[in-house]
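Asker: Dropping a structure here in structure tokens format, bear with me for questions.
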Amino acid sequence: MQSHGTLVAQLRYLRPRLRTVAGAKSLPSNRCQCISLAAQNRPRPQHFPLDRRWQGRRAQSGAAATVLEQAAEPENLAQETIIDNLAPQEAARLSRVRNIGIAAHIDSGKTTATERVLYYTGRIKSIHEVRGKDAVGAKMDSMDLEREKGITIQSAATFCDWLKTENGKEEKYHINLIDTPGHIDFTIEVERALRVLDGAVMILCAVSGVQSQTITVDRQMRRYNVPRISFVNKMDRMGANPFKAIDQINHKLKIHAAAMQVPIGMEDEFKGVVDLIRMKAIYNEGLKGESIRETDEIPKDVQQLAAERRKKLIETLADVDDEIAELFLEEKTPAAEQIKAAVRRATISLKFTPVFMGSALADTSVQPMLDGVCDYLPNPSEVENLALDRRREEAPVKLVSYNSLPFVGLAFKLEESNFGQLTYIRVYQGSLRKGLNVYNARTNKKVKVPRIVRMHSNEMEEVSEIGAGEICAVFGIDCASGDTFTDGTLGYTMTSMFVPEPVISLSIKPKDNKDLQNFSKAMSRFQREDPTFRVHVDLESNETIISGMGELHLDIYVERMRREYRVACETGQPQVAYRETLTQRVPFDHTLKKQTGGAGDFARVMGWMEPTGALEANQFSEEVKGGNISEKYLLACDKGFQASCEKGPLIGHRVLGAKMVVNDGATHMTDSSEMAFKTATQQAFRKAFAMAKPQILEPLMKTTITAPNEFQGNIVGLLNKRNAVISETDIGPEDFTLYADCSLNSMFGFSTQLRAATQGKGEFSMEFSHYNPAPMQLQKELIAKHEKYLADKNKK
């Protein structure tokens, strides 16, 4: 109980303030006493404005802390809960952010479409074309090599603001955009972009539809659960048919797709599109199509097609969305807003892709595609991102895109610049501020962030802070691609991107020994930037070997070395990454016995070797009973087996699909050692491998060739000479596409022969498919060559 004096003091303090609140000049004293007692549990009136702000902040931080606790069990924390607990200011910011990538097959128009997006959003003042004929080139192709060859080599990041009209009012959307390469040789650029993006625009050619690299891009999008909208480009080309492309998305990519628009005019008469949701005709006007004209008057020849395709859109949505399915069964026509909401839900849940159409080169219908990015792709708070908590044995945790929570970010791309290493970071949780100390989860090292920039291709704009859900680049941080950064309060680490294995190698050396220092710098930099570019020194030949995803991949790096580091290089014959395997089970019983005066070497290993069944990773297992070989010696046996698999006995290439089981052995009290058992295992491996009918495996490449129809016979002849297996042929009105499995060894020099056979009009791409036994004649040649090499080496 409070004393009478305390109550009187409170009454004196509150009386003038209560007058103000009540709007009265005086209050009866007994009423004041009642109010003073009640006021103990009530905020003081003169602090109302301050108290409300403080209470709001405390409620928000409390909600954020609660959500962070729930994030430790991802299955119990719905994404809707994260969105509901967002602070209103944060919710408004994130709802207007889109992180997107543009990905497609080679020459589908990715960079051309990105150039239009930058122009229409006001980021660039004029449009330049990809091949750089005007000596400027597309903004996102900043390398001279990219402008000369007319291809994208490195993914480039930029950001822009798009003003979208909603309910008669303009809303500003902030778009972080990454333009990716199309060539399979630079597939790692697409991998790391999709790893950190929330959505993507998949571009297809209106003539060719779904092509080989489109299938690869689709596979990458599925790997990282990236929702996508599709844009059928090149609608002004002869033979354009967007509905064929939509059918191919449905059947080849196995994802529901439907047109959101139908074209007004086709091929060289393509004028605009009809929006099927609002049933409005959309035209581009102005010198570069910068202004949009919408009208309710749909051309008569398009009306029937528009009605059919709108019906088809609703039917497709009924298959993937419950709300539209109910309306469809009740034979009700959904309203425009209901259709838009259903498209958004189905797209974000990866069940559907809305298809837009236009021509980037003809400056037509790019803006409606940008509206589609804002309408149907998710904002950062709507995407589920997981990390691993190392403090809880790497249990999965959900990342929450609140600025108020501890910082978590992923370094997904490195680049060397004039100011040092530039590290691209996606901020998943918390905010990254200039001067903040961050911890590298891989190395546990603390580093200070000296400078943060937003990238616009090769230009940069300095900022002091980046919020959750954004992409930025930082200077002065030493790290590797795929490293996770935190503020030190959380033990989180994120999984890195998938890195494919290299398939082709070259020996390389600088022409002049004076360039060795620059050569070494270039190699170190290229390896840091590109995980698919590998460098090692062959211990036997002392040659530097570079490995990559294809001839073009390695050619580009050799050329970059000459231009950027002024190092002219000599390259050796391309080496194929062959593999060795065994084909039958063989028992072994091998004893190593060596006496050299002092303590000798003794180890006996028994067991068997056999193929794993599939051409997969090698396996070592032990089934020793009775403790004849101790645990530490068995670990040495495992090391000996793994070392033997690195260089096979046949031609010195890695062994694949081999299994070794050690089930017995013997030891000596003084002469046995770990080294003895490692050596004994290696010797047993060589003897058993030679008896197990070994064979050489060669990499088979999934090859796609596109050329005009009149050259089909020539190309089939070229492939037959290479013993290729043709799996599929798509014949279009002008071009045909041929899919085949070819051995990599037989494809060297194919590009020159293809140009000669098609008058320079044919193009091809290769992607590693699988390993297959090499022809017997080739196996004999390779073994004879390896034996001659060893004999020559021993003579020296």
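In the structure tokens, chains take letters A, B, ... by order of appearance, with residues numbered from 1 within each chain and ligands from 1 in the order shown.
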Would you mind listing what lies within 12 Å of A:Asn709 as a ChimeraX atom specification, with only C-alpha atoms counted and same-chain residues fewer than 2 positions away left out?
Answerer: /A:705-707,711-716,729-738,758,761-762
Asker: Extract the full set of alpha helix (DSSP H) residues from stretch 464-702 of chain A according to DSSP on the backbone, and format it as a PyMOL selection string.
Answerer: chain A and resi 516-529+551-564+631-646+674-691
Asker: Using only C-alpha atoms, which residues sit within 10 Å of stretch 222-225 of chain A once same-chain residues fewer than 3 positions away are excluded, as a list in words?
Answerer: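 Once the nearby chain positions are removed, what remains is Glu191, Arg192, Leu194, Arg195, Val196, Leu197, Asp198, Gly199, Thr216, Val217, Asp218, Arg219, Arg228, Ile348, Ser349, Leu350, Val383, Glu384, Asn385, Met497 and Phe498 of chain A.
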Asker: Please provide the set of residues having any atom within 9 Å of stretch 428-436 of chain A, restricted to only C-alpha atoms, with same-chain residues fewer than 4 positions apart removed, written as a list in words.
Answerer: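 Counting only the stated atoms, we get Pro380, Asn385, Leu399, Val400, Ser401, Tyr402, Asn403, Ser404, Leu405, Pro406, Phe407, Val408, Gly409, Leu410, Val447, Lys448, Val449, Pro450, Arg451, Ile452, Val463, Ser464, Glu465, Ile466, Gly467, Ala468, Gly469, Glu470 and Asp487 of chain A.
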Asker: Write out as a PyMOL selection string each polymer residue whose atoms come within 10 Å of A:His256, counting only C-alpha atoms; drop sequence neighbours fewer than 2 positions from it.
Answerer: chain A and resi 246-247+249-251+253-254+258+316-317+319-320+346-347+350-354
Asker: Go ahead and save the picked residues with N, CA, C and O atoms, as an mmCIF file, in the first residue's frame.
Answerer:
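Full text of out_9.cif as output:
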```
data_model
loop_
_atom_site.group_PDB
_atom_site.id
_atom_site.type_symbol
_atom_site.label_atom_id
_atom_site.label_comp_id
_atom_site.auth_asym_id
_atom_site.auth_seq_id
_atom_site.Cartn_x
_atom_site.Cartn_y
_atom_site.Cartn_z
ATOM 1 N N ILE A 246 4.802 -21.134 -75.739
ATOM 2 C CA ILE A 246 4.033 -21.398 -74.511
ATOM 3 C C ILE A 246 3.768 -22.898 -74.368
ATOM 4 O O ILE A 246 3.898 -23.462 -73.279
ATOM 5 N N ASP A 247 3.422 -23.554 -75.476
ATOM 6 C CA ASP A 247 3.197 -25.013 -75.440
ATOM 7 C C ASP A 247 4.471 -25.744 -75.026
ATOM 8 O O ASP A 247 4.434 -26.718 -74.272
ATOM 9 N N ILE A 249 6.894 -24.536 -73.137
ATOM 10 C CA ILE A 249 7.119 -24.321 -71.692
ATOM 11 C C ILE A 249 6.297 -25.343 -70.906
ATOM 12 O O ILE A 249 6.776 -25.967 -69.960
ATOM 13 N N ASN A 250 5.044 -25.551 -71.335
ATOM 14 C CA ASN A 250 4.176 -26.512 -70.650
ATOM 15 C C ASN A 250 4.713 -27.932 -70.735
ATOM 16 O O ASN A 250 4.724 -28.662 -69.745
ATOM 17 N N HIS A 251 5.159 -28.336 -71.941
ATOM 18 C CA HIS A 251 5.508 -29.737 -72.160
ATOM 19 C C HIS A 251 6.983 -30.046 -71.895
ATOM 20 O O HIS A 251 7.305 -31.048 -71.274
ATOM 21 N N LEU A 253 9.338 -27.969 -70.252
ATOM 22 C CA LEU A 253 9.803 -27.523 -68.935
ATOM 23 C C LEU A 253 8.894 -27.998 -67.802
ATOM 24 O O LEU A 253 9.219 -27.808 -66.628
ATOM 25 N N LYS A 254 7.751 -28.577 -68.169
ATOM 26 C CA LYS A 254 6.814 -29.145 -67.175
ATOM 27 C C LYS A 254 6.401 -28.123 -66.116
ATOM 28 O O LYS A 254 6.403 -28.396 -64.924
ATOM 29 N N ALA A 258 0.692 -19.743 -69.329
ATOM 30 C CA ALA A 258 -0.402 -19.219 -70.159
ATOM 31 C C ALA A 258 -0.075 -17.786 -70.547
ATOM 32 O O ALA A 258 0.617 -17.071 -69.819
ATOM 33 N N THR A 316 -6.136 -22.502 -67.087
ATOM 34 C CA THR A 316 -4.823 -22.893 -66.570
ATOM 35 C C THR A 316 -4.681 -22.508 -65.104
ATOM 36 O O THR A 316 -4.139 -23.277 -64.293
ATOM 37 N N LEU A 317 -5.173 -21.309 -64.739
ATOM 38 C CA LEU A 317 -5.111 -20.866 -63.343
ATOM 39 C C LEU A 317 -5.965 -21.750 -62.439
ATOM 40 O O LEU A 317 -5.610 -21.994 -61.284
ATOM 41 N N ASP A 319 -6.247 -24.818 -62.612
ATOM 42 C CA ASP A 319 -5.471 -26.033 -62.298
ATOM 43 C C ASP A 319 -4.480 -25.809 -61.166
ATOM 44 O O ASP A 319 -4.045 -26.776 -60.534
ATOM 45 N N VAL A 320 -4.086 -24.546 -60.950
ATOM 46 C CA VAL A 320 -3.010 -24.289 -59.980
ATOM 47 C C VAL A 320 -3.438 -23.420 -58.796
ATOM 48 O O VAL A 320 -2.675 -23.260 -57.849
ATOM 49 N N ALA A 346 0.169 -18.124 -57.703
ATOM 50 C CA ALA A 346 0.654 -19.321 -58.408
ATOM 51 C C ALA A 346 2.099 -19.157 -58.868
ATOM 52 O O ALA A 346 2.872 -20.115 -58.865
ATOM 53 N N THR A 347 2.481 -17.933 -59.246
ATOM 54 C CA THR A 347 3.865 -17.688 -59.683
ATOM 55 C C THR A 347 4.829 -17.823 -58.512
ATOM 56 O O THR A 347 5.862 -18.485 -58.618
ATOM 57 N N LEU A 350 5.638 -21.255 -57.412
ATOM 58 C CA LEU A 350 6.391 -22.018 -58.426
ATOM 59 C C LEU A 350 5.523 -22.999 -59.217
ATOM 60 O O LEU A 350 6.014 -23.971 -59.779
ATOM 61 N N LYS A 351 4.210 -22.730 -59.279
ATOM 62 C CA LYS A 351 3.312 -23.629 -60.017
ATOM 63 C C LYS A 351 3.000 -23.117 -61.418
ATOM 64 O O LYS A 351 2.435 -23.839 -62.232
ATOM 65 N N PHE A 352 3.360 -21.850 -61.700
ATOM 66 C CA PHE A 352 2.859 -21.207 -62.926
ATOM 67 C C PHE A 352 3.851 -20.146 -63.369
ATOM 68 O O PHE A 352 4.569 -19.572 -62.555
ATOM 69 N N THR A 353 3.923 -19.909 -64.672
ATOM 70 C CA THR A 353 4.684 -18.759 -65.171
ATOM 71 C C THR A 353 3.819 -17.965 -66.144
ATOM 72 O O THR A 353 3.348 -18.512 -67.154
ATOM 73 N N PRO A 354 3.546 -16.687 -65.845
ATOM 74 C CA PRO A 354 2.807 -15.851 -66.798
ATOM 75 C C PRO A 354 3.707 -15.496 -67.978
ATOM 76 O O PRO A 354 4.897 -15.250 -67.799
#
```
Asker: Record the distance separating atom CA of A:Thr112 and atom CA of A:Glu416, expressed in Å with one decimal.
Answerer: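 It comes out at 25.7 Å.
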Asker: Pick out the residues sitting within 10 Å of A:Thr333, and hand them over as a PDB file with N, CA and C atoms, in the first residue's frame; count only C-alpha atoms, and ignore anything fewer than 6 positions along from it in its own chain.
Answerer:
```
ATOM      1  N   LYS A 311      -9.846 -17.132 -71.859  1.00  0.00           N
ATOM      2  CA  LYS A 311     -10.502 -18.322 -71.324  1.00  0.00           C
ATOM      3  C   LYS A 311      -9.454 -19.382 -70.957  1.00  0.00           C
ATOM      4  N   ILE A 314      -7.688 -18.514 -67.695  1.00  0.00           N
ATOM      5  CA  ILE A 314      -8.492 -18.831 -66.502  1.00  0.00           C
ATOM      6  C   ILE A 314      -8.497 -20.340 -66.258  1.00  0.00           C
ATOM      7  N   ILE A 324      -9.567 -19.658 -57.928  1.00  0.00           N
ATOM      8  CA  ILE A 324     -10.038 -19.612 -59.325  1.00  0.00           C
ATOM      9  C   ILE A 324     -10.735 -20.931 -59.667  1.00  0.00           C
ATOM     10  N   LEU A 327     -14.344 -20.724 -58.512  1.00  0.00           N
ATOM     11  CA  LEU A 327     -15.130 -19.870 -59.419  1.00  0.00           C
ATOM     12  C   LEU A 327     -15.372 -20.576 -60.749  1.00  0.00           C
ATOM     13  N   ILE A 339      -8.012 -12.412 -60.875  1.00  0.00           N
ATOM     14  CA  ILE A 339      -7.081 -13.093 -61.787  1.00  0.00           C
ATOM     15  C   ILE A 339      -5.646 -12.679 -61.452  1.00  0.00           C
TER      16      ILE A 339
END
```
